[in-house]
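protein.txt, holding compact mmCIF, C-alpha atoms:
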```txt
# COMPACT_ATOMS: atom_id res chain seq x y z
CA MET A 793 -0.72 60.84 164.54
CA ALA A 794 -3.03 63.63 165.63
CA SER A 795 -5.15 65.21 162.94
CA LEU A 796 -3.40 68.05 161.15
CA ALA A 797 -6.58 69.30 159.56
CA PRO A 798 -8.62 71.27 162.13
CA ALA A 799 -7.02 74.62 161.29
CA LEU A 800 -7.31 74.06 157.55
CA LEU A 801 -10.51 72.08 157.30
CA PRO A 802 -13.00 74.95 157.43
CA LEU A 803 -10.99 76.83 154.83
CA PHE A 804 -10.82 73.90 152.45
CA LEU A 805 -14.41 72.80 152.97
CA LEU A 806 -15.51 76.29 151.99
CA SER A 807 -13.55 75.72 148.79
CA ALA A 808 -15.27 72.46 147.89
CA ALA A 809 -17.98 74.14 145.86
CA PRO A 810 -17.02 75.74 142.55
CA ARG A 811 -15.86 79.22 143.35
CA VAL A 812 -14.93 82.41 141.66
CA ARG A 813 -11.15 82.46 141.66
CA ALA A 814 -10.85 86.22 141.37
CA ALA A 815 -9.41 87.53 144.60
CA ALA A 816 -9.31 91.10 145.80
CA GLY A 817 -8.33 93.23 142.87
CA GLY A 818 -9.78 90.73 140.41
CA SER A 819 -6.63 88.60 140.05
CA ASP A 820 -7.23 85.05 138.81
CA ILE A 821 -4.28 82.66 139.14
CA CYS A 822 -5.90 80.37 136.55
CA ASP A 823 -6.17 83.10 133.89
CA ALA A 824 -3.19 82.90 131.51
CA ALA A 825 -3.83 86.48 130.36
CA GLN A 826 -3.19 87.65 133.93
CA THR A 827 -0.24 85.39 134.79
CA THR A 828 1.31 85.70 131.29
CA LEU A 829 2.28 82.03 131.51
CA VAL A 830 1.28 79.50 128.87
CA GLY A 831 0.93 75.77 128.39
CA ASP A 832 2.28 73.49 131.08
CA GLN A 833 3.66 76.43 133.08
CA GLN A 834 0.17 77.91 133.32
CA ALA A 835 -1.39 74.54 134.19
CA VAL A 836 1.07 74.01 137.06
CA THR A 837 0.69 77.61 138.25
CA CYS A 838 -3.12 77.37 138.24
CA TYR A 839 -3.17 74.13 140.23
CA THR A 840 -0.48 75.11 142.74
CA GLY A 841 -1.80 78.66 142.93
CA ASN A 842 -5.21 77.35 143.95
CA PHE A 843 -3.56 76.17 147.18
CA LEU A 844 -0.89 78.85 147.55
CA THR A 845 -2.98 81.99 147.03
CA LYS A 846 -5.38 80.79 149.72
CA MET A 847 -2.56 79.91 152.13
CA LEU A 848 -0.66 83.16 151.49
CA GLY A 849 -3.85 85.16 151.96
CA GLU A 850 -4.24 83.58 155.40
CA LEU A 851 -0.58 84.28 156.20
CA ASN A 852 -0.94 87.91 155.09
CA ALA A 853 -4.05 88.23 157.28
CA GLY A 854 -1.96 87.38 160.35
CA GLN A 855 -2.46 83.62 160.64
CA ASN A 856 0.85 82.09 161.74
CA LYS A 857 1.95 78.98 159.85
CA THR A 858 5.00 76.80 160.23
CA ALA A 859 6.78 75.68 157.09
CA GLU A 860 6.20 72.06 158.11
CA HIS A 861 2.46 72.63 158.51
CA VAL A 862 2.28 73.94 154.95
CA ARG A 863 4.55 71.19 153.60
CA VAL A 864 2.45 68.34 155.02
CA HIS A 865 -0.62 69.79 153.29
CA LEU A 866 1.06 70.95 150.08
CA LEU A 867 2.74 67.64 149.21
CA PRO A 868 -0.44 65.52 149.13
CA TYR A 869 -2.30 68.29 147.28
CA LEU A 870 0.40 68.50 144.59
CA GLY A 871 0.52 64.71 144.28
CA GLY A 872 -3.09 64.78 143.11
CA LYS A 873 -5.62 62.00 143.41
CA MET A 874 -3.06 59.30 144.28
CA THR A 875 -1.63 61.14 147.30
CA LEU A 876 -4.98 62.52 148.41
CA GLU A 877 -6.27 58.95 148.55
CA ALA A 878 -3.07 57.83 150.30
CA LEU A 879 -3.88 60.29 153.11
CA GLN A 880 -6.73 58.00 154.04
CA SER A 881 -4.52 55.03 154.94
CA ASP A 882 -0.80 55.76 154.52
CA ASP A 883 1.57 54.55 157.22
CA PRO A 884 5.03 55.95 158.00
CA ASP A 885 6.23 52.41 158.78
CA ASP A 886 5.63 51.47 155.12
CA PRO A 887 8.85 52.21 153.19
CA THR A 888 6.76 52.82 150.06
CA CYS A 889 4.39 55.34 151.66
CA LYS A 890 3.40 58.31 149.50
CA VAL A 891 2.58 60.91 152.18
CA CYS A 892 3.52 58.79 155.21
CA TYR A 893 0.69 59.81 157.51
CA THR A 894 -3.05 59.26 157.71
CA ASP A 895 -5.50 62.14 158.05
CA VAL A 896 -8.94 61.56 156.54
CA PRO A 897 -10.28 65.08 157.25
CA THR A 898 -7.24 66.60 155.52
CA SER A 899 -7.75 64.25 152.58
CA GLN A 900 -11.36 65.37 152.31
CA GLY A 901 -10.50 69.06 152.64
CA LEU A 902 -7.68 68.98 150.10
CA THR A 903 -9.80 66.91 147.70
CA GLY A 904 -12.47 69.61 148.02
CA LEU A 905 -9.89 72.27 147.19
CA ARG A 906 -8.72 70.25 144.16
CA ASN A 907 -12.31 69.81 143.03
CA SER A 908 -12.89 73.56 143.21
CA LEU A 909 -10.93 73.72 139.95
CA THR A 910 -12.59 72.91 136.64
CA GLU A 911 -12.15 69.46 135.09
CA ASP A 912 -9.97 71.03 132.38
CA GLN A 913 -7.72 72.65 134.99
CA ILE A 914 -7.37 69.39 136.91
CA SER A 915 -6.72 67.29 133.81
CA GLY A 916 -4.26 69.91 132.50
CA TYR A 917 -2.21 69.57 135.68
CA ASP A 918 -2.58 65.78 135.96
CA SER A 919 -1.49 65.26 132.34
CA ILE A 920 1.92 66.80 133.08
CA ASN A 921 2.76 64.03 135.59
CA VAL A 922 4.50 66.48 137.88
CA CYS A 923 7.21 65.15 140.17
CA TYR A 924 5.20 66.38 143.14
CA ALA A 925 7.91 65.91 145.78
CA ARG A 926 10.33 68.04 143.74
CA LEU A 927 7.65 70.67 143.14
CA THR A 928 6.87 70.74 146.86
CA ASP A 929 10.58 71.21 147.64
CA ALA A 930 10.95 74.01 145.07
CA ILE A 931 7.92 75.86 146.43
CA MET A 932 8.95 75.41 150.06
CA ASP A 933 12.45 76.67 149.22
CA ALA A 934 10.93 79.77 147.58
CA LEU A 935 8.61 80.71 150.44
CA PRO A 936 10.05 83.35 152.80
CA LYS A 937 10.76 82.02 156.27
CA SER A 938 11.80 83.32 159.66
CA TYR A 939 15.47 83.45 160.57
CA CYS A 940 15.21 80.02 162.20
CA GLY A 941 13.39 78.57 159.19
CA VAL A 942 10.42 77.35 161.22
CA TRP A 943 7.81 80.02 160.43
CA LEU A 944 6.61 81.29 157.07
CA LYS A 945 6.84 85.06 156.77
CA PRO A 946 4.32 87.21 154.93
CA LEU A 947 5.68 89.67 152.39
CA ALA A 948 4.60 93.23 153.13
CA ASN A 949 2.47 94.85 150.45
CA VAL A 950 2.62 91.84 148.10
CA GLN A 951 -0.64 90.20 147.05
CA PRO A 952 -0.74 86.38 147.05
CA PHE A 953 -1.43 86.36 143.28
CA ASP A 954 1.73 88.38 142.57
CA GLN A 955 3.81 86.32 144.98
CA VAL A 956 2.72 83.03 143.42
CA VAL A 957 3.26 84.21 139.84
CA LYS A 958 6.77 85.52 140.62
CA MET A 959 7.62 82.37 142.57
CA MET A 960 6.49 80.07 139.78
CA GLN A 961 8.25 82.14 137.09
CA LYS A 962 11.48 81.85 139.10
CA ILE A 963 11.03 78.09 139.50
CA PHE A 964 10.41 77.73 135.75
CA GLU A 965 13.63 79.63 134.97
CA THR A 966 15.60 76.57 136.06
CA HIS A 967 13.07 73.72 135.90
CA ASP A 968 10.78 72.09 133.39
CA PRO A 969 7.12 72.57 134.47
CA SER A 970 6.97 68.90 135.51
CA LEU A 971 10.02 69.39 137.75
CA CYS A 972 11.05 65.89 136.72
CA PRO A 973 14.67 65.36 135.66
CA SER A 974 15.09 64.89 131.95
CA LYS A 975 15.75 61.36 130.75
CA LEU A 976 19.29 62.46 129.90
CA GLN A 977 19.92 63.28 133.58
CA GLN A 978 18.59 59.96 134.89
```

Here is the file; what I need is its structure written in the form of structure tokens.
Amino acid sequence: MASLAPALLPLFLLSAAPRVRAAAGGSDICDAAQTTLVGDQQAVTCYTGNFLTKMLGELNAGQNKTAEHVRVHLLPYLGGKMTLEALQSDDPDDPTCKVCYTDVPTSQGLTGLRNSLTEDQISGYDSINVCYARLTDAIMDALPKSYCGVWLKPLANVQPFDQVVKMMQKIFETHDPSLCPSKLQQ
């Protein structure tokens, strides 16, 4: 499979060093006082928002993105260390594949983005054991798309921070922060 990373790699490599998360207007997706979320909801919003605010900022700046392009980067990011490592050797012919494609530059870029968070932020997210495929689906369902469903659509006059917070609040209205079914439902 051809590398999916060239368009994202420079963006993510810039994120590899610790960075100030405050975007234009001073919004910090990892600051519970600003998101008004707490506990596991805040941990999931911080981790996912690290990816989403960056992606939505690019979309709002006029960079076209297909939903599938975002999905194939979001899923391994949300799966954490296990899926980021799987990107280095996963094979779609393996029925137990985690991400089902191999892209070392994308693995490196997304690992850099993950590592731009603090250890506490990473361990807070990892400790929840999020059902990353379900979280990916919920986020992808919530992102505005073109009529045909192929292209993501920017929201006019909505900052990425505000869009992510509202999206995650809506997801948490009907899902546990882990997005895993309760043991009673299994």

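Remark: for Asp918 of chain A, the closest of the candidate residues A:Ser970, A:Thr898, A:Ser938, A:Asn949 is A:Ser970 (distances computed over all atoms listed in the file).
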
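Rounded to one decimal, atom CA of Gly831 of chain A and atom CA of Ile920 of chain A lie 10.2 Å from each other.
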
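Of the residues listed (A:Phe843, A:Leu848, A:Gly904, A:Ala825), A:Leu848 shows the shortest atom-to-atom separation from Gln951 of chain A; distances use only C-alpha atoms.
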
Report, in Å with one decimal, the straight-line distance from atom CA of Ser881 of chain A to atom CA of Thr894 of chain A.
5.3 Å

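Computed from the coordinates, the atom CA of Pro946 of chain A to atom CA of Asn856 of chain A distance equals 9.2 Å.
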
Nearest candidate to Pro952 of chain A (options A:His865, A:Arg926, A:Lys846, A:Lys873; using all atoms listed in the file)
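Ranking A:His865, A:Arg926, A:Lys846, A:Lys873 by distance to Pro952 of chain A, first place goes to A:Lys846.
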
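Close contacts of Val830 of chain A, defined as residues with an atom at most 12 Å away when counting all atoms listed in the file, with chain neighbours fewer than 5 positions off set aside, comprise Cys822, Asp823, Ala824, Ala825, Ala835, Val836, Thr837, Cys838, Gly916, Gln961, Phe964 and Pro969 of chain A.
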
Around the point (8.5, 70.1, 145.9), in the coordinates given by the file, pick out the residues reaching within 12 Å, counting all atoms listed in the file, and return them as a PyMOL selection string.
chain A and resi 840+862-871+922-935+960+963+967+969-972
